[in-house]
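Content type mmCIF, C-alpha atoms, from the file entry.cif:
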```cif
data_upload
loop_
_atom_site.group_PDB
_atom_site.id
_atom_site.type_symbol
_atom_site.label_atom_id
_atom_site.label_comp_id
_atom_site.auth_asym_id
_atom_site.auth_seq_id
_atom_site.Cartn_x
_atom_site.Cartn_y
_atom_site.Cartn_z
ATOM 1 C CA MET A 1 -74.974 189.672 55.018
ATOM 2 C CA SER A 2 -74.974 188.209 51.517
ATOM 3 C CA ALA A 3 -72.473 189.024 48.820
ATOM 4 C CA ARG A 4 -73.645 191.195 45.942
ATOM 5 C CA ALA A 5 -73.396 189.743 42.491
ATOM 6 C CA LEU A 6 -70.607 191.130 40.339
ATOM 7 C CA SER A 7 -71.181 190.554 36.648
ATOM 8 C CA THR A 8 -68.256 190.104 34.262
ATOM 9 C CA PRO A 9 -67.939 188.151 30.999
ATOM 10 C CA PHE A 10 -66.253 185.381 33.027
ATOM 11 C CA SER A 11 -69.002 185.180 35.637
ATOM 12 C CA GLU A 12 -71.700 185.304 32.966
ATOM 13 C CA ARG A 13 -70.023 182.569 30.902
ATOM 14 C CA PHE A 14 -69.936 180.158 33.838
ATOM 15 C CA GLY A 15 -73.120 181.214 35.643
ATOM 16 C CA LEU A 16 -71.375 182.658 38.701
ATOM 17 C CA ARG A 17 -72.461 185.438 41.047
ATOM 18 C CA LEU A 18 -68.828 186.435 41.594
ATOM 19 C CA PRO A 19 -65.884 186.392 39.151
ATOM 20 C CA LEU A 20 -63.736 184.337 41.518
ATOM 21 C CA VAL A 21 -62.011 180.981 41.120
ATOM 22 C CA GLN A 22 -61.254 179.044 44.296
ATOM 23 C CA ALA A 23 -57.700 177.740 43.898
ATOM 24 C CA PRO A 24 -57.524 174.044 42.943
ATOM 25 C CA MET A 25 -54.757 172.923 45.328
ATOM 26 C CA VAL A 26 -53.827 169.238 45.184
ATOM 27 C CA GLY A 27 -53.819 167.823 48.696
ATOM 28 C CA ALA A 28 -55.618 170.823 50.176
ATOM 29 C CA THR A 29 -58.951 171.192 48.408
ATOM 30 C CA THR A 30 -61.797 168.915 49.395
ATOM 31 C CA ALA A 31 -65.193 168.242 47.896
ATOM 32 C CA ALA A 32 -66.710 170.238 50.770
ATOM 33 C CA MET A 33 -64.461 173.239 50.038
ATOM 34 C CA VAL A 34 -65.279 173.137 46.326
ATOM 35 C CA ALA A 35 -69.018 172.924 47.008
ATOM 36 C CA ALA A 36 -68.841 175.756 49.564
ATOM 37 C CA ALA A 37 -67.065 178.034 47.083
ATOM 38 C CA SER A 38 -69.577 177.179 44.359
ATOM 39 C CA ASN A 39 -72.524 177.674 46.701
ATOM 40 C CA ALA A 40 -71.100 181.087 47.660
ATOM 41 C CA GLY A 41 -71.202 182.149 44.001
ATOM 42 C CA ALA A 42 -67.568 181.570 42.980
ATOM 43 C CA LEU A 43 -66.161 178.784 40.816
ATOM 44 C CA GLY A 44 -65.210 175.984 43.193
ATOM 45 C CA SER A 45 -62.234 174.042 41.844
ATOM 46 C CA LEU A 46 -60.904 170.615 42.779
ATOM 47 C CA GLY A 47 -57.161 170.043 42.526
ATOM 48 C CA ALA A 48 -57.164 166.460 41.250
ATOM 49 C CA GLY A 49 -53.816 166.041 39.517
ATOM 50 C CA ALA A 50 -52.795 163.258 41.921
ATOM 51 C CA PHE A 51 -56.114 161.359 41.793
ATOM 52 C CA GLU A 52 -56.700 158.040 40.094
ATOM 53 C CA PRO A 53 -59.919 157.953 38.021
ATOM 54 C CA ASP A 54 -61.926 156.122 40.718
ATOM 55 C CA ARG A 55 -61.024 158.726 43.358
ATOM 56 C CA LEU A 56 -61.788 161.468 40.838
ATOM 57 C CA ALA A 57 -65.262 159.994 40.271
ATOM 58 C CA ALA A 58 -65.902 159.770 44.026
ATOM 59 C CA GLU A 59 -64.854 163.394 44.617
ATOM 60 C CA VAL A 60 -67.005 164.659 41.741
ATOM 61 C CA ALA A 61 -69.974 162.688 43.124
ATOM 62 C CA ALA A 62 -69.438 164.264 46.556
ATOM 63 C CA ILE A 63 -69.298 167.749 45.027
ATOM 64 C CA ARG A 64 -72.471 167.125 43.044
ATOM 65 C CA ALA A 65 -74.214 165.892 46.193
ATOM 66 C CA ALA A 66 -73.407 169.204 47.910
ATOM 67 C CA THR A 67 -74.035 171.741 45.128
ATOM 68 C CA SER A 68 -75.915 172.222 41.897
ATOM 69 C CA ARG A 69 -73.666 175.161 40.998
ATOM 70 C CA PRO A 70 -70.809 175.050 38.434
ATOM 71 C CA PHE A 71 -67.432 173.718 39.553
ATOM 72 C CA ALA A 72 -64.120 172.869 37.911
ATOM 73 C CA VAL A 73 -61.585 170.065 38.152
ATOM 74 C CA ASN A 74 -57.891 170.752 37.583
ATOM 75 C CA LEU A 75 -55.405 168.145 36.324
ATOM 76 C CA PHE A 76 -51.655 168.263 35.738
ATOM 77 C CA VAL A 77 -50.466 168.163 32.136
ATOM 78 C CA LEU A 78 -46.917 166.938 32.563
ATOM 79 C CA SER A 79 -44.208 167.331 29.952
ATOM 80 C CA GLU A 80 -42.887 163.860 30.730
ATOM 81 C CA ALA A 81 -44.364 160.774 32.352
ATOM 82 C CA ALA A 82 -41.676 160.589 35.042
ATOM 83 C CA PRO A 83 -38.335 162.234 35.788
ATOM 84 C CA ASP A 84 -35.178 160.235 35.132
ATOM 85 C CA ALA A 85 -33.346 158.562 38.029
ATOM 86 C CA ALA A 86 -30.610 161.232 38.146
ATOM 87 C CA THR A 87 -33.185 164.018 38.538
ATOM 88 C CA VAL A 88 -34.911 162.132 41.356
ATOM 89 C CA ALA A 89 -31.559 161.515 43.075
ATOM 90 C CA ARG A 90 -30.694 165.248 42.912
ATOM 91 C CA ALA A 91 -34.096 166.197 44.344
ATOM 92 C CA LEU A 92 -33.768 163.711 47.201
ATOM 93 C CA ALA A 93 -30.229 164.930 47.951
ATOM 94 C CA ALA A 94 -31.534 168.504 48.077
ATOM 95 C CA ILE A 95 -34.228 167.720 50.661
ATOM 96 C CA ASP A 96 -32.214 165.326 52.843
ATOM 97 C CA PRO A 97 -30.525 168.133 54.869
ATOM 98 C CA LEU A 98 -33.945 169.611 55.645
ATOM 99 C CA ASN A 99 -35.270 166.183 56.601
ATOM 100 C CA ALA A 100 -32.290 165.701 58.941
ATOM 101 C CA THR A 101 -32.873 169.118 60.539
ATOM 102 C CA LEU A 102 -36.500 168.186 61.161
ATOM 103 C CA GLY A 103 -35.609 164.739 62.476
ATOM 104 C CA LEU A 104 -37.176 163.021 59.484
ATOM 105 C CA PRO A 105 -35.758 160.034 57.623
ATOM 106 C CA PRO A 106 -34.087 160.562 54.243
ATOM 107 C CA GLY A 107 -36.463 160.960 51.311
ATOM 108 C CA THR A 108 -37.270 158.048 49.043
ATOM 109 C CA ALA A 109 -38.297 157.955 45.418
ATOM 110 C CA PRO A 110 -42.051 157.589 44.926
ATOM 111 C CA ALA A 111 -43.262 154.239 43.628
ATOM 112 C CA ARG A 112 -45.204 156.118 40.976
ATOM 113 C CA TYR A 113 -44.723 159.653 39.728
ATOM 114 C CA ALA A 114 -48.245 160.554 38.611
ATOM 115 C CA PRO A 115 -51.537 158.952 37.585
ATOM 116 C CA ASP A 116 -52.156 158.268 33.909
ATOM 117 C CA PHE A 117 -53.313 161.596 32.458
ATOM 118 C CA ARG A 118 -55.298 160.002 29.635
ATOM 119 C CA ALA A 119 -57.283 157.893 32.118
ATOM 120 C CA GLN A 120 -57.934 160.987 34.265
ATOM 121 C CA PHE A 121 -59.028 163.022 31.256
ATOM 122 C CA ASP A 122 -61.305 160.255 29.975
ATOM 123 C CA ALA A 123 -62.882 160.045 33.439
ATOM 124 C CA LEU A 124 -63.561 163.806 33.453
ATOM 125 C CA VAL A 125 -65.158 163.625 30.019
ATOM 126 C CA ALA A 126 -67.332 160.688 31.115
ATOM 127 C CA LEU A 127 -68.298 162.523 34.324
ATOM 128 C CA ARG A 128 -69.286 165.616 32.342
ATOM 129 C CA VAL A 129 -67.658 167.997 34.813
ATOM 130 C CA PRO A 130 -69.140 171.488 34.262
ATOM 131 C CA VAL A 131 -65.857 173.392 33.797
#
```
What is this file in structure tokens?
Amino acid sequence: MSARALSTPFSERFGLRLPLVQAPMVGATTAAMVAAASNAGALGSLGAGAFEPDRLAAEVAAIRAATSRPFAVNLFVLSEAAPDAATVARALAAIDPLNATLGLPPGTAPARYAPDFRAQFDALVALRVPV
């Protein structure tokens, strides 16, 4: 059974059969998931806020290899480059009891908070991502 097309201004604008956006979840979406959603008529969306530009390019290439349909890439636009040390310490202190309950070691501060947004954005522009 195939899905019927449902036309809305959104679906018409992006060339979709269905006015649906597959959620771009960092760490959960894959190129295969994005391509499957796009091939089904929705807007497949890659959650790429944690990706360096080279990984971003590889994921976009994998999506393009699996679909000719429109897809989107989602980045994080952070209000600050990294939280201050006190904020990180409070966050780690908040999760340490849960870690202990689960038999996990105490949390540690990440070596890097987030990839460089400008480099990610420039990569997306160069890759000419559809949405």
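Nearest residue to Leu43 of chain A among A:Pro115, A:Pro105, A:Pro110, A:Pro130 is A:Pro130, counting only C-alpha atoms.
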## Note on the structure
For Ala91 of chain A, the closest of A:Leu104, A:Leu16, A:Ala126, A:Ala109 counting only C-alpha atoms is A:Ala109
### Task
Pull out every residue that the PyMOL selection byres ((chain A and resi 66-83) around 10) matches in the shown coordinates and put them as a PyMOL selection string.
chain A and resi 14-16+21-26+31-32+34-51+56+59-65+84-89+112-118+120-121+124+129-131
### Among listed residues A:Met33, A:Leu20, A:Leu102, A:Leu127, nearest Ser7 of chain A (using only C-alpha atoms)
A:Leu20
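You will find atom CA of Ala28 of chain A at 23.4 Å from atom CA of Val125 of chain A.
Minimum atom-to-atom distances from A:Asn99, A:Ala94, A:Pro53, A:Gly27 to Asp122 of chain A were compared using all atoms listed in the file, and the lowest value belongs to A:Pro53.
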Please return the centre and edge lengths, in Å to one decimal, of a box with edges along x, y and z that contains all listed atoms of segment 84-95 of chain A, widened by 3 Å on every side, as JSON.
```
{"center_x": -32.7, "center_y": 163.5, "center_z": 42.9, "size_x": 10.9, "size_y": 15.9, "size_z": 21.5}
```
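Coordinates place atom CA of Ala111 of chain A at a distance of 24.3 Å from atom CA of Thr30 of chain A.
The two atoms in question, atom CA of Thr29 of chain A and atom CA of Glu52 of chain A, are spaced 15.7 Å apart.
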